[in-house]
file run_27.pdb (PDB, C-alpha atoms, pLDDT in the B column)
ATOM      1  CA  MET H1392      44.472 125.122 135.578  1.00 37.00           C
ATOM      2  CA  GLN H1393      46.038 128.203 137.145  1.00 35.00           C
ATOM      3  CA  PRO H1394      44.279 130.005 140.036  1.00 33.00           C
ATOM      4  CA  VAL H1395      42.001 132.867 138.986  1.00 31.00           C
ATOM      5  CA  TYR H1396      41.324 135.667 141.536  1.00 31.00           C
ATOM      6  CA  GLY H1397      42.697 133.344 144.233  1.00 34.00           C
ATOM      7  CA  LEU H1398      40.381 130.463 143.338  1.00 32.00           C
ATOM      8  CA  LYS H1399      41.565 127.229 141.770  1.00 36.00           C
ATOM      9  CA  LEU H1400      38.863 126.217 139.308  1.00 35.00           C
ATOM     10  CA  LYS H1401      38.281 122.790 137.834  1.00 40.00           C
ATOM     11  CA  LYS H1402      38.173 122.304 134.079  1.00 42.00           C
ATOM     12  CA  ALA H1403      34.467 121.532 134.278  1.00 42.00           C
ATOM     13  CA  SER H1404      33.800 125.074 135.599  1.00 47.00           C
ATOM     14  CA  LEU H1405      35.379 126.806 132.589  1.00 48.00           C
ATOM     15  CA  PRO H1406      32.018 127.775 130.975  1.00 45.00           C
ATOM     16  CA  VAL H1407      30.882 129.247 134.281  1.00 41.00           C
ATOM     17  CA  MET H1408      34.107 131.202 134.622  1.00 47.00           C
ATOM     18  CA  ILE H1409      33.770 132.572 131.098  1.00 46.00           C
ATOM     19  CA  GLY H1410      30.146 133.530 131.749  1.00 44.00           C
ATOM     20  CA  LEU H1411      31.075 135.385 134.929  1.00 42.00           C
ATOM     21  CA  LEU H1412      33.880 137.240 133.203  1.00 48.00           C
ATOM     22  CA  LEU H1413      31.583 138.268 130.361  1.00 44.00           C
ATOM     23  CA  MET H1414      28.983 139.469 132.853  1.00 41.00           C
ATOM     24  CA  ALA H1415      31.575 141.502 134.739  1.00 43.00           C
ATOM     25  CA  PHE H1416      32.787 143.022 131.485  1.00 42.00           C
ATOM     26  CA  ALA H1417      29.224 143.930 130.491  1.00 41.00           C
ATOM     27  CA  LEU H1418      28.652 145.652 133.821  1.00 37.00           C
ATOM     28  CA  PHE H1419      31.920 147.529 133.489  1.00 40.00           C
ATOM     29  CA  VAL H1420      30.986 148.757 130.026  1.00 38.00           C
ATOM     30  CA  SER H1421      27.403 149.705 130.919  1.00 38.00           C
ATOM     31  CA  VAL H1422      28.361 151.709 134.017  1.00 37.00           C
ATOM     32  CA  PRO H1423      31.536 153.631 133.159  1.00 44.00           C
ATOM     33  CA  ALA H1424      33.340 155.365 136.000  1.00 43.00           C
ATOM     34  CA  ASP H1425      33.091 158.698 134.217  1.00 55.00           C
ATOM     35  CA  ALA H1426      29.367 158.503 133.415  1.00 74.00           C
ATOM     36  CA  LYS H1427      27.584 161.802 133.031  1.00 91.00           C
ATOM     37  CA  ILE H1428      25.618 163.154 135.956  1.00 97.00           C
ATOM     38  CA  GLN H1429      21.973 162.895 134.974  1.00 98.00           C
ATOM     39  CA  ILE H1430      19.519 165.585 136.070  1.00 98.00           C
ATOM     40  CA  ILE H1431      15.784 165.177 135.512  1.00 98.00           C
ATOM     41  CA  ALA H1432      13.901 168.462 135.150  1.00 98.00           C
ATOM     42  CA  PHE H1433      10.492 167.417 136.465  1.00 98.00           C
ATOM     43  CA  GLY H1434       7.802 170.035 136.174  1.00 97.00           C
ATOM     44  CA  ASP H1435       5.049 171.726 134.206  1.00 97.00           C
ATOM     45  CA  SER H1436       5.030 174.023 131.167  1.00 96.00           C
ATOM     46  CA  LEU H1437       7.773 176.218 132.647  1.00 96.00           C
ATOM     47  CA  THR H1438      10.042 173.186 132.455  1.00 97.00           C
ATOM     48  CA  ALA H1439       8.577 171.627 129.311  1.00 97.00           C
ATOM     49  CA  GLY H1440       9.155 174.756 127.216  1.00 96.00           C
ATOM     50  CA  TYR H1441       5.601 175.627 126.254  1.00 96.00           C
ATOM     51  CA  ASN H1442       5.364 176.995 122.689  1.00 95.00           C
ATOM     52  CA  LEU H1443       9.152 176.970 122.294  1.00 96.00           C
ATOM     53  CA  PRO H1444      11.496 174.827 120.175  1.00 96.00           C
ATOM     54  CA  ALA H1445      13.045 171.985 122.148  1.00 95.00           C
ATOM     55  CA  SER H1446      16.452 173.657 122.078  1.00 96.00           C
ATOM     56  CA  SER H1447      15.012 176.686 123.905  1.00 97.00           C
ATOM     57  CA  ALA H1448      13.340 174.773 126.743  1.00 97.00           C
ATOM     58  CA  PHE H1449      14.703 175.167 130.265  1.00 97.00           C
ATOM     59  CA  PRO H1450      16.361 171.697 130.464  1.00 98.00           C
ATOM     60  CA  ASN H1451      18.184 172.169 127.163  1.00 98.00           C
ATOM     61  CA  GLN H1452      19.412 175.649 127.979  1.00 98.00           C
ATOM     62  CA  LEU H1453      20.447 174.548 131.466  1.00 98.00           C
ATOM     63  CA  GLU H1454      22.429 171.598 130.097  1.00 98.00           C
ATOM     64  CA  LYS H1455      24.191 173.879 127.617  1.00 98.00           C
ATOM     65  CA  ALA H1456      25.139 176.333 130.376  1.00 98.00           C
ATOM     66  CA  LEU H1457      26.437 173.562 132.643  1.00 98.00           C
ATOM     67  CA  VAL H1458      28.468 171.934 129.868  1.00 97.00           C
ATOM     68  CA  GLU H1459      29.957 175.311 128.957  1.00 97.00           C
ATOM     69  CA  SER H1460      30.977 175.573 132.616  1.00 95.00           C
ATOM     70  CA  GLY H1461      32.980 172.373 132.208  1.00 95.00           C
ATOM     71  CA  LEU H1462      30.526 169.986 133.851  1.00 96.00           C
ATOM     72  CA  ASP H1463      29.771 166.586 132.344  1.00 96.00           C
ATOM     73  CA  VAL H1464      26.005 166.491 132.752  1.00 97.00           C
ATOM     74  CA  GLU H1465      22.824 165.514 130.972  1.00 97.00           C
ATOM     75  CA  VAL H1466      19.562 167.329 131.715  1.00 98.00           C
ATOM     76  CA  ILE H1467      16.446 165.425 130.677  1.00 97.00           C
ATOM     77  CA  ASN H1468      13.164 167.209 130.055  1.00 97.00           C
ATOM     78  CA  ALA H1469      10.374 165.588 132.090  1.00 97.00           C
ATOM     79  CA  GLY H1470       8.073 168.586 132.000  1.00 97.00           C
ATOM     80  CA  VAL H1471       4.390 168.273 131.094  1.00 97.00           C
ATOM     81  CA  SER H1472       2.450 171.414 130.236  1.00 96.00           C
ATOM     82  CA  GLY H1473      -0.599 171.865 132.445  1.00 96.00           C
ATOM     83  CA  ASP H1474       0.608 169.352 135.008  1.00 97.00           C
ATOM     84  CA  THR H1475      -0.425 169.747 138.642  1.00 98.00           C
ATOM     85  CA  THR H1476       1.257 168.241 141.668  1.00 98.00           C
ATOM     86  CA  SER H1477      -1.377 165.479 141.593  1.00 98.00           C
ATOM     87  CA  GLY H1478      -0.432 164.634 138.023  1.00 98.00           C
ATOM     88  CA  GLY H1479       3.240 164.795 138.901  1.00 98.00           C
ATOM     89  CA  LEU H1480       2.797 162.401 141.789  1.00 98.00           C
ATOM     90  CA  GLN H1481       0.979 159.920 139.551  1.00 98.00           C
ATOM     91  CA  ARG H1482       3.781 159.837 136.989  1.00 98.00           C
ATOM     92  CA  LEU H1483       6.738 160.303 139.316  1.00 98.00           C
ATOM     93  CA  ASP H1484       7.930 156.708 139.617  1.00 95.00           C
ATOM     94  CA  TRP H1485       7.983 155.934 135.906  1.00 95.00           C
ATOM     95  CA  SER H1486       9.166 159.388 134.835  1.00 95.00           C
ATOM     96  CA  ILE H1487      12.322 159.324 136.954  1.00 96.00           C
ATOM     97  CA  PRO H1488      14.698 156.574 135.736  1.00 95.00           C
ATOM     98  CA  ASP H1489      17.002 154.669 138.060  1.00 93.00           C
ATOM     99  CA  SER H1490      19.924 156.353 136.312  1.00 94.00           C
ATOM    100  CA  ALA H1491      18.908 159.770 137.669  1.00 97.00           C
ATOM    101  CA  ASN H1492      21.349 161.451 140.036  1.00 98.00           C
ATOM    102  CA  ALA H1493      19.269 164.552 140.698  1.00 98.00           C
ATOM    103  CA  VAL H1494      15.821 166.035 140.138  1.00 98.00           C
ATOM    104  CA  ILE H1495      14.824 169.672 139.771  1.00 98.00           C
ATOM    105  CA  LEU H1496      11.266 169.572 141.116  1.00 98.00           C
ATOM    106  CA  GLU H1497       9.199 172.419 139.655  1.00 98.00           C
ATOM    107  CA  LEU H1498       5.478 171.871 140.230  1.00 98.00           C
ATOM    108  CA  GLY H1499       2.628 173.715 141.902  1.00 98.00           C
ATOM    109  CA  ALA H1500       2.013 176.687 139.612  1.00 97.00           C
ATOM    110  CA  ASN H1501      -1.032 175.048 138.029  1.00 97.00           C
ATOM    111  CA  ASP H1502      -2.389 174.064 141.430  1.00 98.00           C
ATOM    112  CA  MET H1503      -2.205 177.730 142.369  1.00 97.00           C
ATOM    113  CA  LEU H1504      -3.688 179.041 139.100  1.00 95.00           C
ATOM    114  CA  ARG H1505      -6.623 176.665 139.495  1.00 96.00           C
ATOM    115  CA  GLY H1506      -7.140 177.721 143.095  1.00 96.00           C
ATOM    116  CA  LEU H1507      -6.647 174.180 144.387  1.00 97.00           C
ATOM    117  CA  SER H1508      -6.320 173.663 148.111  1.00 98.00           C
ATOM    118  CA  PRO H1509      -2.749 174.396 149.260  1.00 98.00           C
ATOM    119  CA  GLN H1510      -3.042 171.339 151.487  1.00 98.00           C
ATOM    120  CA  ILE H1511      -3.275 169.157 148.375  1.00 98.00           C
ATOM    121  CA  THR H1512      -0.177 170.804 146.925  1.00 98.00           C
ATOM    122  CA  LEU H1513       1.684 170.358 150.188  1.00 98.00           C
ATOM    123  CA  LYS H1514       0.734 166.689 150.517  1.00 98.00           C
ATOM    124  CA  ASN H1515       1.679 165.851 146.923  1.00 98.00           C
ATOM    125  CA  LEU H1516       5.038 167.620 147.007  1.00 98.00           C
ATOM    126  CA  ASP H1517       5.836 166.077 150.375  1.00 98.00           C
ATOM    127  CA  GLU H1518       5.150 162.600 148.994  1.00 98.00           C
ATOM    128  CA  MET H1519       7.234 163.226 145.855  1.00 98.00           C
ATOM    129  CA  ILE H1520      10.215 164.422 147.870  1.00 98.00           C
ATOM    130  CA  THR H1521       9.882 161.473 150.239  1.00 98.00           C
ATOM    131  CA  ARG H1522       9.881 158.984 147.372  1.00 98.00           C
ATOM    132  CA  LEU H1523      12.848 160.587 145.620  1.00 98.00           C
ATOM    133  CA  LYS H1524      14.894 160.689 148.819  1.00 98.00           C
ATOM    134  CA  ALA H1525      14.114 157.025 149.415  1.00 98.00           C
ATOM    135  CA  ARG H1526      15.727 156.362 146.033  1.00 97.00           C
ATOM    136  CA  LYS H1527      18.831 158.363 147.063  1.00 97.00           C
ATOM    137  CA  ILE H1528      18.161 161.022 144.415  1.00 98.00           C
ATOM    138  CA  THR H1529      19.370 164.553 145.155  1.00 98.00           C
ATOM    139  CA  ILE H1530      16.614 167.184 144.936  1.00 98.00           C
ATOM    140  CA  LEU H1531      16.483 170.857 144.060  1.00 98.00           C
ATOM    141  CA  LEU H1532      13.038 172.183 144.938  1.00 98.00           C
ATOM    142  CA  ALA H1533      11.953 175.156 142.808  1.00 98.00           C
ATOM    143  CA  GLY H1534       9.467 177.299 144.692  1.00 97.00           C
ATOM    144  CA  MET H1535       6.362 179.145 143.542  1.00 97.00           C
ATOM    145  CA  LEU H1536       4.344 182.041 144.943  1.00 96.00           C
ATOM    146  CA  ALA H1537       0.610 182.642 144.777  1.00 96.00           C
ATOM    147  CA  ALA H1538      -0.700 185.269 142.358  1.00 93.00           C
ATOM    148  CA  PRO H1539      -1.817 188.439 144.220  1.00 93.00           C
ATOM    149  CA  ASP H1540      -5.358 188.227 142.851  1.00 94.00           C
ATOM    150  CA  LEU H1541      -5.955 185.012 144.800  1.00 96.00           C
ATOM    151  CA  GLY H1542      -6.014 186.979 148.024  1.00 96.00           C
ATOM    152  CA  LYS H1543      -3.994 187.177 151.213  1.00 96.00           C
ATOM    153  CA  ASP H1544      -5.538 184.095 152.806  1.00 97.00           C
ATOM    154  CA  TYR H1545      -4.614 181.860 149.877  1.00 98.00           C
ATOM    155  CA  ALA H1546      -1.099 183.309 149.719  1.00 97.00           C
ATOM    156  CA  ALA H1547      -0.658 182.782 153.454  1.00 98.00           C
ATOM    157  CA  ALA H1548      -1.462 179.081 153.007  1.00 98.00           C
ATOM    158  CA  PHE H1549       0.347 178.502 149.694  1.00 98.00           C
ATOM    159  CA  ASN H1550       3.581 180.494 149.895  1.00 98.00           C
ATOM    160  CA  PRO H1551       5.109 178.737 152.934  1.00 98.00           C
ATOM    161  CA  ILE H1552       4.743 175.291 151.307  1.00 98.00           C
ATOM    162  CA  TYR H1553       8.097 175.328 149.536  1.00 98.00           C
ATOM    163  CA  PRO H1554      10.402 176.747 152.211  1.00 98.00           C
ATOM    164  CA  ASP H1555       8.759 174.549 154.831  1.00 98.00           C
ATOM    165  CA  LEU H1556       9.253 171.395 152.734  1.00 98.00           C
ATOM    166  CA  ALA H1557      12.839 172.348 151.893  1.00 98.00           C
ATOM    167  CA  LYS H1558      13.577 172.730 155.595  1.00 98.00           C
ATOM    168  CA  LYS H1559      11.721 169.563 156.585  1.00 98.00           C
ATOM    169  CA  HIS H1560      13.506 167.361 154.044  1.00 98.00           C
ATOM    170  CA  ASP H1561      16.811 169.267 153.957  1.00 98.00           C
ATOM    171  CA  VAL H1562      16.863 169.578 150.163  1.00 98.00           C
ATOM    172  CA  PHE H1563      18.365 172.229 147.914  1.00 98.00           C
ATOM    173  CA  PHE H1564      15.963 175.113 147.448  1.00 98.00           C
ATOM    174  CA  TYR H1565      15.439 177.899 144.931  1.00 98.00           C
ATOM    175  CA  PRO H1566      12.712 180.097 146.463  1.00 96.00           C
ATOM    176  CA  PHE H1567      10.828 181.413 143.415  1.00 96.00           C
ATOM    177  CA  PHE H1568      11.323 179.941 139.959  1.00 94.00           C
ATOM    178  CA  MET H1569       9.784 182.972 138.204  1.00 91.00           C
ATOM    179  CA  GLU H1570      11.685 185.585 140.187  1.00 91.00           C
ATOM    180  CA  SER H1571      14.036 186.598 137.362  1.00 90.00           C
ATOM    181  CA  LEU H1572      11.030 187.552 135.180  1.00 88.00           C
ATOM    182  CA  MET H1573       9.293 189.778 137.702  1.00 87.00           C
ATOM    183  CA  GLY H1574       8.329 192.961 135.852  1.00 86.00           C
ATOM    184  CA  ARG H1575       9.880 191.710 132.586  1.00 91.00           C
ATOM    185  CA  THR H1576       6.814 191.498 130.353  1.00 92.00           C
ATOM    186  CA  ASP H1577       9.145 191.855 127.359  1.00 94.00           C
ATOM    187  CA  LEU H1578      10.450 188.357 128.110  1.00 95.00           C
ATOM    188  CA  LEU H1579       7.015 186.745 128.231  1.00 94.00           C
ATOM    189  CA  GLN H1580       5.021 185.224 125.403  1.00 94.00           C
ATOM    190  CA  GLN H1581       1.751 186.788 124.302  1.00 93.00           C
ATOM    191  CA  ASP H1582      -0.160 184.889 126.993  1.00 89.00           C
ATOM    192  CA  GLY H1583       1.715 186.931 129.603  1.00 88.00           C
ATOM    193  CA  MET H1584       2.591 183.785 131.556  1.00 91.00           C
ATOM    194  CA  HIS H1585       5.185 181.729 129.726  1.00 94.00           C
ATOM    195  CA  PRO H1586       8.745 182.875 129.044  1.00 96.00           C
ATOM    196  CA  THR H1587      10.263 183.442 125.633  1.00 96.00           C
ATOM    197  CA  THR H1588      13.592 181.856 124.699  1.00 96.00           C
ATOM    198  CA  GLN H1589      15.318 184.898 126.188  1.00 96.00           C
ATOM    199  CA  GLY H1590      13.170 184.612 129.297  1.00 95.00           C
ATOM    200  CA  VAL H1591      14.217 180.999 129.778  1.00 96.00           C
ATOM    201  CA  ALA H1592      17.840 182.068 129.416  1.00 96.00           C
ATOM    202  CA  LEU H1593      17.277 184.433 132.320  1.00 94.00           C
ATOM    203  CA  PHE H1594      15.770 181.550 134.345  1.00 91.00           C
ATOM    204  CA  VAL H1595      18.876 179.512 133.682  1.00 96.00           C
ATOM    205  CA  GLN H1596      21.367 182.206 134.692  1.00 96.00           C
ATOM    206  CA  ALA H1597      19.429 182.858 137.902  1.00 96.00           C
ATOM    207  CA  ILE H1598      19.206 179.243 139.037  1.00 97.00           C
ATOM    208  CA  LEU H1599      22.611 178.137 137.710  1.00 97.00           C
ATOM    209  CA  PRO H1600      24.584 178.823 140.936  1.00 97.00           C
ATOM    210  CA  LYS H1601      22.143 176.729 142.963  1.00 98.00           C
ATOM    211  CA  VAL H1602      22.295 173.879 140.438  1.00 98.00           C
ATOM    212  CA  LYS H1603      26.095 173.937 140.566  1.00 98.00           C
ATOM    213  CA  GLU H1604      25.957 173.894 144.361  1.00 98.00           C
ATOM    214  CA  MET H1605      23.795 170.790 144.177  1.00 98.00           C
ATOM    215  CA  LEU H1606      26.034 169.082 141.610  1.00 97.00           C
ATOM    216  CA  ALA H1607      29.080 169.636 143.804  1.00 96.00           C
ATOM    217  CA  THR H1608      27.569 167.225 146.352  1.00 96.00           C
ATOM    218  CA  ILE H1609      26.945 164.413 143.849  1.00 94.00           C
ATOM    219  CA  LYS H1610      29.493 161.641 143.490  1.00 81.00           C
ATOM    220  CA  ASN H1611      29.062 159.687 140.259  1.00 67.00           C
TER     221      ASN H1611
END
call {"tool": "encode", "arguments": {"input": "run_27.pdb", "output": "structure tokens"}}
result
Amino acid sequence: MQPVYGLKLKKASLPVMIGLLLMAFALFVSVPADAKIQIIAFGDSLTAGYNLPASSAFPNQLEKALVESGLDVEVINAGVSGDTTSGGLQRLDWSIPDSANAVILELGANDMLRGLSPQITLKNLDEMITRLKARKITILLAGMLAAPDLGKDYAAAFNPIYPDLAKKHDVFFYPFFMESLMGRTDLLQQDGMHPTTQGVALFVQAILPKVKEMLATIKN
């Protein structure tokens, strides 16, 4: 028998050789060199697309914008309406597949709206970022600000959470996810909190440069 990959195999090892070749072929097929970059949008109703058709949700509109920019990406919607950072931490490991290259982490708004302790929010987000970094997943942290009616003391404790964590963990950072809708009540649903399809489109255009900056660092 002729040498294969520099090894001279005996006839008796032919089944083993065939098995190894089939396994190598399967791995080659399942992990193509030009596989799409996979982004997981992990958040609450602002990510999930509350009261909107799936095609209008933030992940879907973001994917469309990125593809139109010539990028080969897939953005998966892992948003859960009403989710807090505690809920996000509980589902983090099974919600983020091993195939994920990046995560847009958008949580904390419901913590704030419920008046939960900022220390809880800080601890949960810190743990989520730590776990994702341990898995070598690139992170874009989407920040949130406290509503004015919660008072200056609450804002002073809540607002620094996101920039401080971004600096601590050296992750990509978008300071305020809702910034593009400030004063745009015409782009909010009747509840005055959730964006319309057009409002989500504004989200996407605002955060798109930061997402592209993040993607430029990912080798797939």
call {"tool": "closest_residue", "arguments": {"input": "run_27.pdb", "among": "H:Lys1610, H:Leu1599, H:Gly1434, H:Leu1531", "to": "H:Lys1455", "atoms": "only C-alpha atoms"}}
result
H:Leu1599
call {"tool": "closest_residue", "arguments": {"input": "run_27.pdb", "among": "H:Ser1447, H:Thr1438, H:Thr1475, H:Gln1452", "to": "H:Leu1504", "atoms": "all atoms listed in the file"}}
result
H:Thr1475
call {"tool": "residues_near_point", "arguments": {"input": "run_27.pdb", "point": "(6.8, 181.1, 136.0)", "cutoff": "7 Å", "atoms": "only C-alpha atoms", "output": "PyMOL selection string"}}
result
chain H and resi 1437+1568-1569+1584-1585
call {"tool": "closest_residue", "arguments": {"input": "run_27.pdb", "among": "H:Leu1496, H:Met1503, H:Ala1546, H:Val1591", "to": "H:Phe1563", "atoms": "all atoms listed in the file"}}
result
H:Leu1496
call {"tool": "residues_near_point", "arguments": {"input": "run_27.pdb", "point": "(20.0, 156.7, 146.0)", "cutoff": "10 Å", "atoms": "all atoms listed in the file", "output": "ChimeraX atom specification"}}
result
/H:1489-1493,1523-1529
call {"tool": "closest_residue", "arguments": {"input": "run_27.pdb", "among": "H:Gly1470, H:Gly1542, H:Asn1515, H:Phe1433", "to": "H:Ile1487", "atoms": "only C-alpha atoms"}}
result
H:Phe1433
call {"tool": "axis_aligned_box", "arguments": {"input": "run_27.pdb", "around": "stretch 1522-1540 of chain H", "padding_each_side": "3 Å", "output": "JSON"}}
result
{"center_x": 7.0, "center_y": 172.4, "center_z": 145.9, "size_x": 30.7, "size_y": 38.1, "size_z": 13.1}
call {"tool": "resolve_selection", "arguments": {"input": "run_27.pdb", "expression": "the PyMOL selection byres ((chain H and resi 1601-1605) around 12)", "output": "PyMOL selection string"}}
result
chain H and resi 1428+1430-1432+1450+1453-1454+1456-1458+1460-1464+1466+1492-1496+1528-1533+1562-1566+1568+1594-1600+1606-1610
call {"tool": "resolve_selection", "arguments": {"input": "run_27.pdb", "expression": "the PyMOL selection byres ((chain H and resi 1479) around 12)", "output": "ChimeraX atom specification"}}
result
/H:1432-1435,1469-1478,1480-1487,1496-1502,1512,1515-1520
call {"tool": "atom_distance", "arguments": {"input": "run_27.pdb", "atom1": "atom CA of H:Gly1440", "atom2": "atom CA of H:Lys1427"}}
result
23.3 Å
call {"tool": "atom_distance", "arguments": {"input": "run_27.pdb", "atom1": "atom CA of H:Ala1445", "atom2": "atom CA of H:Ala1426"}}
result
24.0 Å
call {"tool": "atom_distance", "arguments": {"input": "run_27.pdb", "atom1": "atom CA of H:Gln1589", "atom2": "atom CA of H:Ile1467"}}
result
20.0 Å
call {"tool": "resolve_selection", "arguments": {"input": "run_27.pdb", "expression": "the PyMOL selection byres ((chain H and resi 1573) around 12)", "output": "VMD selection string"}}
result
chain H and resid 1536 1538 1567 to 1572 1574 to 1579 1583 to 1584 1586 1590 1593 to 1594
call {"tool": "build_atoms", "arguments": {"input": "run_27.pdb", "residues": "stretch 1471-1483 of chain H", "atoms": "N, CA, C and O atoms", "output": "short mmCIF file (atom, residue, chain, number, x, y, z; two decimals), in the frame of the given file"}}
result
data_model
loop_
_atom_site.label_atom_id
_atom_site.label_comp_id
_atom_site.auth_asym_id
_atom_site.auth_seq_id
_atom_site.Cartn_x
_atom_site.Cartn_y
_atom_site.Cartn_z
N VAL H 1471 5.68 168.49 131.77
CA VAL H 1471 4.39 168.27 131.09
C VAL H 1471 3.55 169.53 131.27
O VAL H 1471 3.20 169.90 132.40
N SER H 1472 3.24 170.18 130.17
CA SER H 1472 2.45 171.41 130.24
C SER H 1472 1.09 171.15 130.86
O SER H 1472 0.42 170.17 130.51
N GLY H 1473 0.69 172.01 131.78
CA GLY H 1473 -0.60 171.86 132.44
C GLY H 1473 -0.59 170.94 133.64
O GLY H 1473 -1.61 170.79 134.33
N ASP H 1474 0.55 170.33 133.93
CA ASP H 1474 0.61 169.35 135.01
C ASP H 1474 0.45 170.02 136.38
O ASP H 1474 0.95 171.11 136.62
N THR H 1475 -0.27 169.34 137.24
CA THR H 1475 -0.42 169.75 138.64
C THR H 1475 0.45 168.85 139.51
O THR H 1475 1.06 167.89 139.02
N THR H 1476 0.50 169.12 140.79
CA THR H 1476 1.26 168.24 141.67
C THR H 1476 0.61 166.86 141.76
O THR H 1476 1.31 165.86 141.93
N SER H 1477 -0.70 166.79 141.59
CA SER H 1477 -1.38 165.48 141.59
C SER H 1477 -0.94 164.66 140.39
O SER H 1477 -0.65 163.46 140.49
N GLY H 1478 -0.89 165.32 139.22
CA GLY H 1478 -0.43 164.63 138.02
C GLY H 1478 1.03 164.23 138.14
O GLY H 1478 1.41 163.14 137.71
N GLY H 1479 1.83 165.10 138.72
CA GLY H 1479 3.24 164.80 138.90
C GLY H 1479 3.46 163.60 139.80
O GLY H 1479 4.30 162.74 139.53
N LEU H 1480 2.68 163.52 140.87
CA LEU H 1480 2.80 162.40 141.79
C LEU H 1480 2.43 161.09 141.10
O LEU H 1480 3.08 160.06 141.30
N GLN H 1481 1.41 161.13 140.25
CA GLN H 1481 0.98 159.92 139.55
C GLN H 1481 2.03 159.39 138.59
O GLN H 1481 2.17 158.18 138.40
N ARG H 1482 2.80 160.29 137.98
CA ARG H 1482 3.78 159.84 136.99
C ARG H 1482 5.22 159.82 137.51
O ARG H 1482 6.15 159.49 136.77
N LEU H 1483 5.39 160.15 138.77
CA LEU H 1483 6.74 160.30 139.32
C LEU H 1483 7.60 159.06 139.14
O LEU H 1483 8.72 159.13 138.60
#
